[in-house]
>>> print(open('work-v8.cif').read())   # mmCIF, C-alpha atoms
data_work
#
loop_
_atom_site.label_atom_id
_atom_site.label_comp_id
_atom_site.auth_asym_id
_atom_site.auth_seq_id
_atom_site.Cartn_x
_atom_site.Cartn_y
_atom_site.Cartn_z
CA GLN A 8 -16.64 3.71 33.13
CA LYS A 9 -13.63 3.09 35.37
CA LYS A 10 -12.87 -0.15 33.51
CA LEU A 11 -12.66 1.73 30.25
CA SER A 12 -10.91 4.90 31.41
CA LYS A 13 -7.69 3.13 32.41
CA PHE A 14 -7.12 1.87 28.87
CA PHE A 15 -6.87 5.40 27.52
CA LEU A 16 -4.13 6.36 29.98
CA LYS A 17 -1.58 4.39 27.89
CA LYS A 18 -2.04 6.37 24.74
CA GLY A 19 -0.23 5.22 21.61
CA LYS A 20 1.75 7.41 19.24
CA SER A 21 -1.36 8.48 17.37
CA THR A 22 -3.82 11.36 17.28
CA TYR A 23 -6.47 8.65 17.69
CA ASP A 24 -7.15 6.82 20.93
CA CYS A 25 -8.57 3.69 19.33
CA ILE A 26 -10.02 2.14 16.20
CA VAL A 27 -13.67 1.23 15.84
CA PRO A 28 -14.55 -0.91 12.80
CA VAL A 29 -17.89 0.27 11.40
CA SER A 30 -20.15 -1.05 8.66
CA GLY A 31 -23.02 1.39 8.68
CA GLY A 32 -24.91 -0.82 11.12
CA LYS A 33 -25.89 -0.22 14.71
CA ASP A 34 -22.97 -1.79 16.61
CA GLY A 35 -19.94 0.11 15.33
CA SER A 36 -21.89 3.35 15.11
CA TYR A 37 -23.04 3.02 18.72
CA VAL A 38 -19.56 2.13 19.97
CA ALA A 39 -17.92 5.06 18.19
CA TYR A 40 -20.62 7.50 19.35
CA THR A 41 -20.43 6.31 22.96
CA LEU A 42 -16.64 6.48 23.06
CA LYS A 43 -16.62 9.97 21.59
CA LYS A 44 -19.53 11.51 23.48
CA LYS A 45 -19.46 9.68 26.82
CA PHE A 46 -15.74 9.06 27.27
CA ASN A 47 -14.30 11.97 25.26
CA VAL A 48 -12.24 9.51 23.21
CA ASN A 49 -11.09 10.19 19.66
CA PRO A 50 -11.78 7.03 17.60
CA LEU A 51 -10.65 6.38 14.05
CA CYS A 52 -13.47 4.52 12.33
CA ILE A 53 -12.70 2.04 9.56
CA THR A 54 -14.90 0.21 7.09
CA VAL A 55 -13.64 -2.76 5.11
CA ARG A 56 -15.65 -2.72 1.90
CA PRO A 57 -17.61 -5.96 1.43
CA PRO A 58 -17.80 -7.53 -2.03
CA LEU A 59 -21.50 -6.64 -2.27
CA GLU A 60 -22.47 -3.35 -0.67
CA THR A 61 -26.11 -2.45 -0.07
CA LYS A 62 -27.76 0.92 -0.67
CA ILE A 63 -29.04 1.14 2.90
CA GLY A 64 -25.59 0.25 4.26
CA ASP A 65 -23.98 2.98 2.14
CA LYS A 66 -26.59 5.50 3.22
CA ASN A 67 -26.17 4.63 6.90
CA LEU A 68 -22.39 4.82 6.63
CA LYS A 69 -22.50 8.23 4.90
CA ASN A 70 -24.85 9.56 7.58
CA PHE A 71 -22.52 8.21 10.27
CA ILE A 72 -19.43 9.81 8.71
CA ASN A 73 -21.28 13.12 8.21
CA SER A 74 -22.18 13.17 11.91
CA GLY A 75 -18.56 14.02 12.72
CA PHE A 76 -16.33 10.95 12.70
CA ASP A 77 -12.94 10.49 11.05
CA HIS A 78 -13.25 7.48 8.79
CA LEU A 79 -11.21 5.33 6.41
CA HIS A 80 -12.54 2.97 3.76
CA VAL A 81 -10.38 -0.07 2.99
CA SER A 82 -10.89 -1.40 -0.52
CA SER A 83 -8.69 -4.47 -0.66
CA ASN A 84 -7.60 -6.12 -3.90
CA GLN A 85 -10.71 -7.54 -5.57
CA GLU A 86 -8.89 -10.35 -7.35
CA ALA A 87 -7.57 -11.61 -4.02
CA MET A 88 -10.99 -11.07 -2.41
CA LYS A 89 -12.73 -13.22 -5.05
CA MET A 90 -10.17 -16.01 -4.75
CA LEU A 91 -10.31 -16.05 -0.94
CA ASN A 92 -14.11 -15.98 -0.95
CA LYS A 93 -14.13 -18.95 -3.34
CA PHE A 94 -11.57 -20.89 -1.25
CA GLY A 95 -13.54 -20.04 1.88
CA PHE A 96 -16.78 -21.25 0.35
CA ILE A 97 -15.25 -24.53 -0.86
CA HIS A 98 -13.16 -25.31 2.23
CA LYS A 99 -15.05 -23.59 5.08
CA GLY A 100 -18.60 -23.04 3.81
CA PHE A 101 -18.09 -19.24 3.98
CA PRO A 102 -18.76 -17.39 0.71
CA TYR A 103 -17.49 -14.17 2.35
CA TYR A 104 -14.33 -15.63 3.92
CA GLY A 105 -11.98 -13.19 2.14
CA TRP A 106 -13.94 -10.24 3.48
CA LEU A 107 -13.98 -11.79 6.96
CA ILE A 108 -10.18 -12.11 6.81
CA ALA A 109 -9.82 -8.45 5.77
CA VAL A 110 -12.05 -7.31 8.63
CA HIS A 111 -9.35 -8.62 10.98
CA THR A 112 -6.10 -8.18 9.07
CA SER A 113 -6.60 -4.71 7.57
CA ILE A 114 -7.73 -3.24 10.90
CA LEU A 115 -4.50 -4.47 12.52
CA ARG A 116 -2.44 -3.15 9.61
CA ILE A 117 -3.91 0.32 10.02
CA ALA A 118 -3.58 0.23 13.82
CA SER A 119 0.08 -0.69 13.43
CA SER A 120 0.71 1.99 10.78
CA PHE A 121 -1.01 4.74 12.79
CA GLY A 122 0.44 3.73 16.18
CA ILE A 123 -3.00 2.99 17.65
CA ASN A 124 -2.92 0.49 20.52
CA LEU A 125 -6.60 -0.32 21.06
CA ILE A 126 -9.28 -1.80 18.76
CA PHE A 127 -12.96 -2.00 19.74
CA TYR A 128 -15.15 -4.34 17.70
CA GLY A 129 -18.88 -4.24 18.52
CA GLU A 130 -20.24 -7.46 19.92
CA ASP A 131 -18.49 -10.77 20.42
CA GLY A 132 -20.88 -13.09 18.61
CA GLU A 133 -18.68 -16.06 19.45
CA VAL A 134 -19.29 -15.69 23.18
CA GLU A 135 -22.76 -14.16 23.01
CA TYR A 136 -24.40 -16.49 20.50
CA GLY A 137 -23.25 -19.95 21.47
CA GLY A 138 -19.71 -20.34 20.11
CA SER A 139 -16.56 -20.74 22.19
CA ASP A 140 -16.75 -19.27 25.69
CA LYS A 141 -12.96 -19.32 26.07
CA THR A 142 -12.80 -15.52 26.37
CA LYS A 143 -16.01 -15.07 28.35
CA HIS A 144 -14.08 -13.49 31.22
CA LYS A 145 -11.11 -12.26 29.18
CA PRO A 146 -12.03 -9.19 27.20
CA PHE A 147 -8.75 -8.93 25.29
CA TYR A 148 -7.51 -11.44 22.76
CA ASN A 149 -4.72 -11.85 20.22
CA VAL A 150 -4.13 -12.82 16.59
CA LEU A 151 -3.90 -16.53 17.40
CA TYR A 152 -7.40 -16.38 18.86
CA GLN A 153 -8.65 -14.41 15.84
CA LYS A 154 -7.28 -17.06 13.50
CA LYS A 155 -8.57 -20.00 15.51
CA ILE A 156 -12.03 -18.74 16.44
CA TYR A 157 -13.17 -16.00 14.07
CA LEU A 158 -11.45 -17.50 11.01
CA GLU A 159 -12.28 -21.04 12.14
CA ASP A 160 -8.66 -22.23 12.17
CA GLY A 161 -8.57 -22.10 8.37
CA TYR A 162 -6.67 -18.88 7.70
CA ASP A 163 -3.15 -20.27 7.32
CA LYS A 164 -4.29 -23.06 4.99
CA ILE A 165 -6.39 -20.79 2.81
CA ILE A 166 -3.95 -17.87 2.58
CA LYS A 167 -1.29 -20.29 1.28
CA LYS A 168 -3.59 -21.13 -1.65
CA LEU A 169 -3.57 -17.50 -2.74
CA ASN A 170 -1.09 -17.53 -5.63
CA LEU A 171 -0.80 -13.78 -6.19
CA ASP A 172 1.83 -11.04 -5.83
CA GLU A 173 2.44 -9.99 -2.23
CA SER A 174 1.12 -6.50 -2.99
CA LYS A 175 -2.31 -7.96 -3.80
CA LYS A 176 -2.35 -9.90 -0.51
CA PHE A 177 -1.39 -6.92 1.66
CA PHE A 178 -4.74 -6.26 3.33
CA PHE A 179 -5.38 -10.01 3.77
CA LYS A 180 -2.20 -10.78 5.72
CA PHE A 181 -1.63 -10.21 9.40
CA PRO A 182 1.23 -7.83 10.23
CA GLU A 183 4.36 -9.30 11.80
CA ASN A 184 3.94 -10.06 15.51
CA GLU A 185 6.56 -7.46 16.47
CA LYS A 186 4.43 -4.69 14.94
CA ILE A 187 1.22 -5.65 16.75
CA LYS A 188 2.41 -7.04 20.08
CA ASN A 189 1.20 -3.94 22.00
CA ILE A 190 -2.18 -3.69 20.31
CA MET A 191 -5.14 -4.68 22.47
CA ILE A 192 -8.18 -6.14 20.67
CA THR A 193 -11.57 -6.32 22.35
CA HIS A 194 -15.33 -6.09 21.92
CA TRP A 195 -17.52 -3.35 23.37
CA SER A 196 -19.92 -5.98 24.68
CA TYR A 197 -17.40 -6.79 27.45
CA PHE A 198 -17.77 -3.29 28.84
CA GLU A 199 -21.50 -2.80 28.43
CA ASN A 200 -24.21 -5.41 28.73
CA TRP A 201 -26.28 -4.52 25.69
#
>>> encode(input="work-v8.cif", output="structure tokens")
Amino acid sequence: QKKLSKFFLKKGKSTYDCIVPVSGGKDGSYVAYTLKKKFNVNPLCITVRPPLETKIGDKNLKNFINSGFDHLHVSSNQEAMKMLNKFGFIHKGFPYYGWLIAVHTSILRIASSFGINLIFYGEDGEVEYGGSDKTKHKPFYNVLYQKKIYLEDGYDKIIKKLNLDESKKFFFKFPENEKIKNIMITHWSYFENW
């Protein structure tokens, strides 16, 4: 608890203390609930709509929202999503690469716009399931790490292939470094061994 409490002393310019990305699954829901109920923190929860939503996911998400959480849905440009998913499949073997990009970029865009300085993802699958252990003892990471590890060092190459108006790319592009330099990004799994 002490590890976590100190991060809420430096509150941003927002009504919200942090952002918790949620999908309707167990991780984000648990993180948001624990922050709100155990630490008296006010999280803004965000869902980036996947290209193919499931009925059970929608139901879980609605139940979560109705349990008392402020929530935003991000529906990024579908033309851009389809193109990025196709490029990701061809060049990276990821048929959901566009959605994976948006899960990182749109969350930072909203954090920057709302003046929120802390983002809690659920678990760090990279460290916990046999990927890179570079951040095993470093709970906070930056955009360069996101691009290299979570987007498998392919983001810059693939985003350049996206020949669309800038407005359609908005939720797929990282904000300028100056706007996000004070935002801390982490995973709940660094604070609780679950």
>>> axis_aligned_box(input="work-v8.cif", around="range 152-163 of chain A", padding_each_side="3 Å", output="JSON")
{"center_x": -8.2, "center_y": -18.3, "center_z": 13.1, "size_x": 16.0, "size_y": 13.8, "size_z": 17.5}
>>> resolve_selection(input="work-v8.cif", expression="the PyMOL selection byres ((chain A and resi 50-62) around 8)", output="PyMOL selection string")
chain A and resi 23-30+39+42-43+48-49+63-66+76-83+85+88+103+106+109-110+113-114
>>> residues_near_point(input="work-v8.cif", point="(-15.0, -18.8, 12.6)", cutoff="12 Å", atoms="only C-alpha atoms", output="PyMOL selection string")
chain A and resi 95+99-101+103-104+107-108+111+131-134+138-139+152-162
>>> atom_distance(input="work-v8.cif", atom1="CA of Ile117 in chain A", atom2="CA of Glu199 in chain A")
25.7 Å
>>> atom_distance(input="work-v8.cif", atom1="CA of Phe178 in chain A", atom2="CA of Thr112 in chain A")
6.2 Å
>>> closest_residue(input="work-v8.cif", among="A:Lys45, A:Lys168, A:Lys175, A:Lys143", to="Ser196 in chain A", atoms="all atoms listed in the file")
A:Lys143
>>> atom_distance(input="work-v8.cif", atom1="CA of Lys180 in chain A", atom2="CA of Arg116 in chain A")
8.6 Å
>>> closest_residue(input="work-v8.cif", among="A:Thr22, A:Thr41, A:Ser36, A:Asn184", to="Phe198 in chain A", atoms="all atoms listed in the file")
A:Thr41
>>> closest_residue(input="work-v8.cif", among="A:Ile123, A:Val150, A:Leu91, A:Ile72", to="Glu183 in chain A", atoms="all atoms listed in the file")
A:Val150
>>> closest_residue(input="work-v8.cif", among="A:Phe121, A:Tyr128, A:Phe177, A:Tyr197", to="Gly35 in chain A", atoms="all atoms listed in the file")
A:Tyr128
>>> closest_residue(input="work-v8.cif", among="A:Gly31, A:His194, A:Lys188, A:Lys89", to="His144 in chain A", atoms="all atoms listed in the file")
A:His194
>>> closest_residue(input="work-v8.cif", among="A:Ala118, A:Ile126, A:Ile165, A:Leu68", to="Gly105 in chain A", atoms="all atoms listed in the file")
A:Ile165
